[in-house]
file entry_11.cif (mmCIF, C-alpha atoms)
data_upload
#
loop_
_atom_site.label_atom_id
_atom_site.label_comp_id
_atom_site.auth_asym_id
_atom_site.auth_seq_id
_atom_site.Cartn_x
_atom_site.Cartn_y
_atom_site.Cartn_z
CA MET J 1 0.00 0.00 0.00
CA ILE J 2 2.86 2.41 0.81
CA ASP J 3 4.51 1.58 -2.52
CA LYS J 4 1.17 2.23 -4.24
CA VAL J 5 0.68 5.62 -2.57
CA LEU J 6 4.19 6.82 -3.30
CA ASN J 7 4.25 5.66 -6.91
CA LEU J 8 0.73 6.29 -8.15
CA ARG J 9 0.76 8.65 -11.13
CA ILE J 10 -1.59 11.36 -9.93
CA PHE J 11 0.43 14.54 -10.44
CA THR J 12 0.72 16.42 -13.71
CA ASP J 13 3.84 16.60 -15.84
CA GLU J 14 4.84 19.57 -18.04
CA ASP J 15 2.15 18.54 -20.57
CA ASP J 16 -0.55 18.65 -17.86
CA LYS J 17 -0.94 14.87 -17.98
CA LEU J 18 -1.18 12.71 -14.84
CA ASN J 19 2.21 11.11 -15.32
CA ASN J 20 4.11 11.91 -12.14
CA SER J 21 4.07 10.19 -8.78
CA LEU J 22 4.86 11.67 -5.38
CA CYS J 23 8.35 10.20 -5.78
CA ASP J 24 8.75 11.82 -9.23
CA ILE J 25 7.98 15.29 -7.89
CA SER J 26 9.77 14.73 -4.54
CA GLY J 27 6.53 15.68 -2.82
CA ASP J 28 5.74 15.90 0.86
CA ILE J 29 2.98 13.87 2.51
CA LEU J 30 0.55 14.37 5.38
CA LEU J 31 -0.71 11.27 7.18
CA VAL J 32 -3.84 11.57 9.30
CA SER J 33 -5.58 8.61 10.94
CA GLN J 34 -9.36 8.74 10.65
CA PHE J 35 -11.64 6.18 12.22
CA THR J 36 -14.66 7.92 10.66
CA LEU J 37 -13.71 6.50 7.26
CA TYR J 38 -15.03 3.19 8.62
CA ALA J 39 -18.45 4.66 9.42
CA ASP J 40 -21.33 2.39 8.48
CA CYS J 41 -24.24 4.66 7.52
CA ARG J 42 -26.57 2.07 6.03
CA LYS J 43 -29.06 2.02 8.89
CA GLY J 44 -30.93 5.09 10.12
CA ARG J 45 -29.37 8.46 10.66
CA ARG J 46 -26.61 7.67 13.13
CA PRO J 47 -23.31 6.38 11.71
CA SER J 48 -21.97 3.25 13.38
CA PHE J 49 -18.25 3.26 14.11
CA SER J 50 -18.15 -0.24 15.55
CA GLY J 51 -16.19 -1.46 12.51
CA SER J 52 -13.32 0.91 13.32
CA CYS J 53 -10.20 -0.39 15.03
CA PRO J 54 -10.01 0.35 18.79
CA PRO J 55 -7.42 3.06 19.62
CA ASP J 56 -5.13 0.77 21.60
CA ILE J 57 -4.65 -1.38 18.50
CA ALA J 58 -4.91 1.39 15.94
CA ALA J 59 -2.37 3.80 17.48
CA PRO J 60 0.64 1.44 17.25
CA LEU J 61 -0.42 0.46 13.71
CA PHE J 62 -0.51 4.13 12.74
CA ASP J 63 2.92 4.71 14.34
CA ARG J 64 4.34 1.84 12.33
CA LEU J 65 2.81 3.23 9.14
CA VAL J 66 4.38 6.64 9.82
CA ALA J 67 7.80 5.07 10.42
CA ASP J 68 7.56 2.96 7.25
CA VAL J 69 6.44 5.92 5.12
CA ARG J 70 9.24 8.10 6.56
CA SER J 71 11.82 5.54 5.47
CA ALA J 72 10.37 5.31 1.95
CA ALA J 73 9.05 8.78 1.11
CA PRO J 74 11.03 11.27 -0.97
CA GLY J 75 10.17 14.37 1.06
CA GLN J 76 8.81 15.53 4.40
CA VAL J 77 6.26 13.37 6.23
CA ALA J 78 3.92 15.27 8.54
CA THR J 79 1.31 13.59 10.72
CA GLY J 80 -1.86 14.38 12.58
CA GLU J 81 -2.06 13.70 16.31
CA PHE J 82 -3.67 10.30 16.81
CA GLY J 83 -7.18 10.53 18.23
CA GLU J 84 -7.10 14.29 18.71
CA GLU J 85 -9.64 16.82 17.55
CA MET J 86 -8.01 18.91 14.84
CA PHE J 87 -8.72 21.44 12.17
CA LEU J 88 -7.10 20.46 8.89
CA ASP J 89 -6.63 23.37 6.51
CA PHE J 90 -5.83 22.34 3.00
CA THR J 91 -6.23 23.04 -0.65
CA ASN J 92 -7.44 20.27 -2.89
CA TRP J 93 -6.16 20.85 -6.41
CA GLY J 94 -8.09 19.31 -9.25
CA PRO J 95 -10.14 18.41 -7.33
CA VAL J 96 -8.58 14.95 -7.11
CA THR J 97 -9.64 12.54 -4.38
CA ILE J 98 -8.63 8.91 -4.70
CA ILE J 99 -9.79 6.11 -2.41
CA LEU J 100 -7.35 3.24 -1.86
CA ASP J 101 -8.98 0.48 0.17
CA SER J 102 -6.61 -2.32 1.16
CA ASP J 103 -9.58 -4.72 1.14
CA GLU J 104 -10.03 -4.07 -2.57
CA MET J 105 -6.41 -3.97 -3.74
CA MET K 1 -29.09 9.54 -0.71
CA ILE K 2 -29.97 13.25 -0.39
CA ASP K 3 -32.15 12.46 2.64
CA LYS K 4 -29.23 10.52 4.12
CA VAL K 5 -26.72 13.33 3.60
CA LEU K 6 -29.00 16.01 5.04
CA ASN K 7 -30.08 13.99 8.07
CA LEU K 8 -26.98 12.07 9.06
CA ARG K 9 -25.97 12.90 12.63
CA ILE K 10 -22.39 14.01 12.13
CA PHE K 11 -22.29 17.40 13.87
CA THR K 12 -21.81 17.92 17.57
CA ASP K 13 -24.48 19.14 19.97
CA GLU K 14 -23.85 21.23 23.09
CA ASP K 15 -22.51 18.10 24.87
CA ASP K 16 -19.95 17.54 22.08
CA LYS K 17 -21.79 14.41 20.91
CA LEU K 18 -22.48 13.66 17.24
CA ASN K 19 -26.23 14.23 17.52
CA ASN K 20 -26.97 16.94 14.99
CA SER K 21 -27.57 16.70 11.27
CA LEU K 22 -27.01 19.38 8.65
CA CYS K 23 -30.74 20.11 8.90
CA ASP K 24 -30.51 20.44 12.71
CA ILE K 25 -27.77 23.06 12.49
CA SER K 26 -29.22 24.76 9.35
CA GLY K 27 -25.85 24.20 7.70
CA ASP K 28 -24.69 25.11 4.23
CA ILE K 29 -23.41 22.54 1.75
CA LEU K 30 -20.84 22.48 -1.05
CA LEU K 31 -21.38 19.99 -3.88
CA VAL K 32 -18.42 19.12 -6.11
CA SER K 33 -18.50 16.44 -8.80
CA GLN K 34 -15.38 14.28 -8.86
CA PHE K 35 -14.80 11.56 -11.41
CA THR K 36 -11.50 10.66 -9.69
CA LEU K 37 -13.46 9.01 -6.86
CA TYR K 38 -14.11 6.20 -9.35
CA ALA K 39 -10.41 5.63 -9.98
CA ASP K 40 -9.43 1.98 -10.14
CA CYS K 41 -5.86 1.73 -8.81
CA ARG K 42 -5.59 -2.03 -8.49
CA LYS K 43 -3.28 -2.55 -11.46
CA GLY K 44 0.08 -0.88 -11.83
CA ARG K 45 0.80 2.73 -11.08
CA ARG K 46 -1.64 4.49 -13.36
CA PRO K 47 -5.21 4.92 -12.09
CA SER K 48 -7.91 3.85 -14.54
CA PHE K 49 -10.85 6.21 -14.83
CA SER K 50 -12.78 4.08 -17.31
CA GLY K 51 -15.38 3.28 -14.64
CA SER K 52 -16.30 6.96 -14.32
CA CYS K 53 -19.40 8.30 -16.02
CA PRO K 54 -18.77 10.19 -19.31
CA PRO K 55 -19.24 13.99 -18.93
CA ASP K 56 -22.22 14.19 -21.32
CA ILE K 57 -24.14 11.83 -19.05
CA ALA K 58 -22.64 12.96 -15.75
CA ALA K 59 -23.17 16.72 -16.17
CA PRO K 60 -27.00 16.57 -16.40
CA LEU K 61 -27.06 14.08 -13.49
CA PHE K 62 -25.00 16.49 -11.40
CA ASP K 63 -27.30 19.39 -12.36
CA ARG K 64 -30.31 17.38 -11.24
CA LEU K 65 -28.59 16.53 -7.96
CA VAL K 66 -27.88 20.21 -7.33
CA ALA K 67 -31.50 21.16 -8.04
CA ASP K 68 -32.84 18.40 -5.77
CA VAL K 69 -30.46 19.31 -2.93
CA ARG K 70 -31.37 23.01 -3.28
CA SER K 71 -35.04 22.19 -2.82
CA ALA K 72 -34.36 20.04 0.27
CA ALA K 73 -31.39 21.66 2.05
CA PRO K 74 -31.82 23.98 5.02
CA GLY K 75 -29.15 26.52 4.02
CA GLN K 76 -27.06 27.70 1.11
CA VAL K 77 -25.99 25.22 -1.57
CA ALA K 78 -22.76 26.08 -3.38
CA THR K 79 -21.34 24.04 -6.25
CA GLY K 80 -18.10 23.45 -8.09
CA GLU K 81 -17.95 24.03 -11.83
CA PHE K 82 -18.51 20.69 -13.57
CA GLY K 83 -15.34 19.34 -15.20
CA GLU K 84 -13.23 22.39 -14.42
CA GLU K 85 -9.83 22.49 -12.76
CA MET K 86 -10.28 24.10 -9.36
CA PHE K 87 -8.55 24.77 -6.10
CA LEU K 88 -10.78 23.87 -3.17
CA ASP K 89 -9.77 25.57 0.05
CA PHE K 90 -11.38 24.09 3.10
CA THR K 91 -11.03 23.21 6.72
CA ASN K 92 -11.83 19.68 7.81
CA TRP K 93 -12.92 19.72 11.44
CA GLY K 94 -12.49 16.51 13.42
CA PRO K 95 -11.13 15.32 11.10
CA VAL K 96 -14.34 13.66 9.93
CA THR K 97 -14.56 12.13 6.47
CA ILE K 98 -17.48 9.84 5.70
CA ILE K 99 -17.89 7.82 2.52
CA LEU K 100 -21.44 7.21 1.34
CA ASP K 101 -21.46 4.86 -1.64
CA SER K 102 -24.88 4.41 -3.24
CA ASP K 103 -23.84 0.91 -4.33
CA GLU K 104 -23.50 -0.05 -0.67
CA MET K 105 -26.51 1.69 0.84
#

call {"tool": "encode", "arguments": {"input": "entry_11.cif", "output": "structure tokens"}}
result
Amino acid sequence: MIDKVLNLRIFTDEDDKLNNSLCDISGDILLVSQFTLYADCRKGRRPSFSGSCPPDIAAPLFDRLVADVRSAAPGQVATGEFGEEMFLDFTNWGPVTIILDSDEM
Amino acid sequence: MIDKVLNLRIFTDEDDKLNNSLCDISGDILLVSQFTLYADCRKGRRPSFSGSCPPDIAAPLFDRLVADVRSAAPGQVATGEFGEEMFLDFTNWGPVTIILDSDEM
């Protein structure tokens, strides 16, 4: 999955084509854990988060991910604070949003 | 799907619990079409967008969605420009990101 993220061709080249990966452009990366991505909203109006990993298991997994990405990424690796309430300011160019689900890879 | 989006309890109440929906807080909404969400990244390093809807079919569908949301939403409804390159500036509180896939509802 890390190899996929770092090498996926989702950045434009000089011809404005999606030919470059994060590695190609020596880009930085921001990793933020988010248990809400596992929300199950099929029933009623209240999302169920029972499919999300408990924090005591998820936090070490996230730490390992950060360490592995740091050793493989071409640029800076910033992270969110695990389990904390945050405000993430960012600019989505494109817009491009790509979902990589390890269950489907 | 519109009913689900407008009534899902994903905003905090005065006790900091996720009890309020967009309707409860009379919130505004920003709709942005994004064919990249349909990217298939399973093979190789180049995402395939062949599963995405062609623009001549997708644009009228998006217009209809915007009209339907406008007639049902409690507040302002802003939209992106269909098919245009944009920069989206926003602040993700939480962070909370929830995926609603009509194929799975």

call {"tool": "closest_residue", "arguments": {"input": "entry_11.cif", "among": "K:Gly44, K:Gly80, K:Gly51, K:Gly27", "to": "Asp3 in chain J", "atoms": "only C-alpha atoms"}}
result
K:Gly44

call {"tool": "residues_near_point", "arguments": {"input": "entry_11.cif", "point": "(-5.2, 18.9, 14.4)", "cutoff": "12 Å", "atoms": "only C-alpha atoms", "output": "JSON, numbers by chain"}}
result
{"J": [30, 31, 32, 33, 34, 78, 79, 80, 81, 82, 83, 84, 85, 86, 87, 88, 89, 90], "K": [91, 92, 93, 94, 95, 96]}

call {"tool": "closest_residue", "arguments": {"input": "entry_11.cif", "among": "K:Asp24, K:Asp40, K:Asp15, K:Asp63", "to": "Met105 in chain J", "atoms": "all atoms listed in the file"}}
result
K:Asp40

call {"tool": "closest_residue", "arguments": {"input": "entry_11.cif", "among": "K:Ile99, K:Val69, K:Cys23, K:Ala58", "to": "chain J", "atoms": "all atoms listed in the file"}}
result
K:Ile99

call {"tool": "atom_distance", "arguments": {"input": "entry_11.cif", "atom1": "CA of Arg45 in chain K", "atom2": "CA of Asn20 in chain J"}}
result
9.8 Å
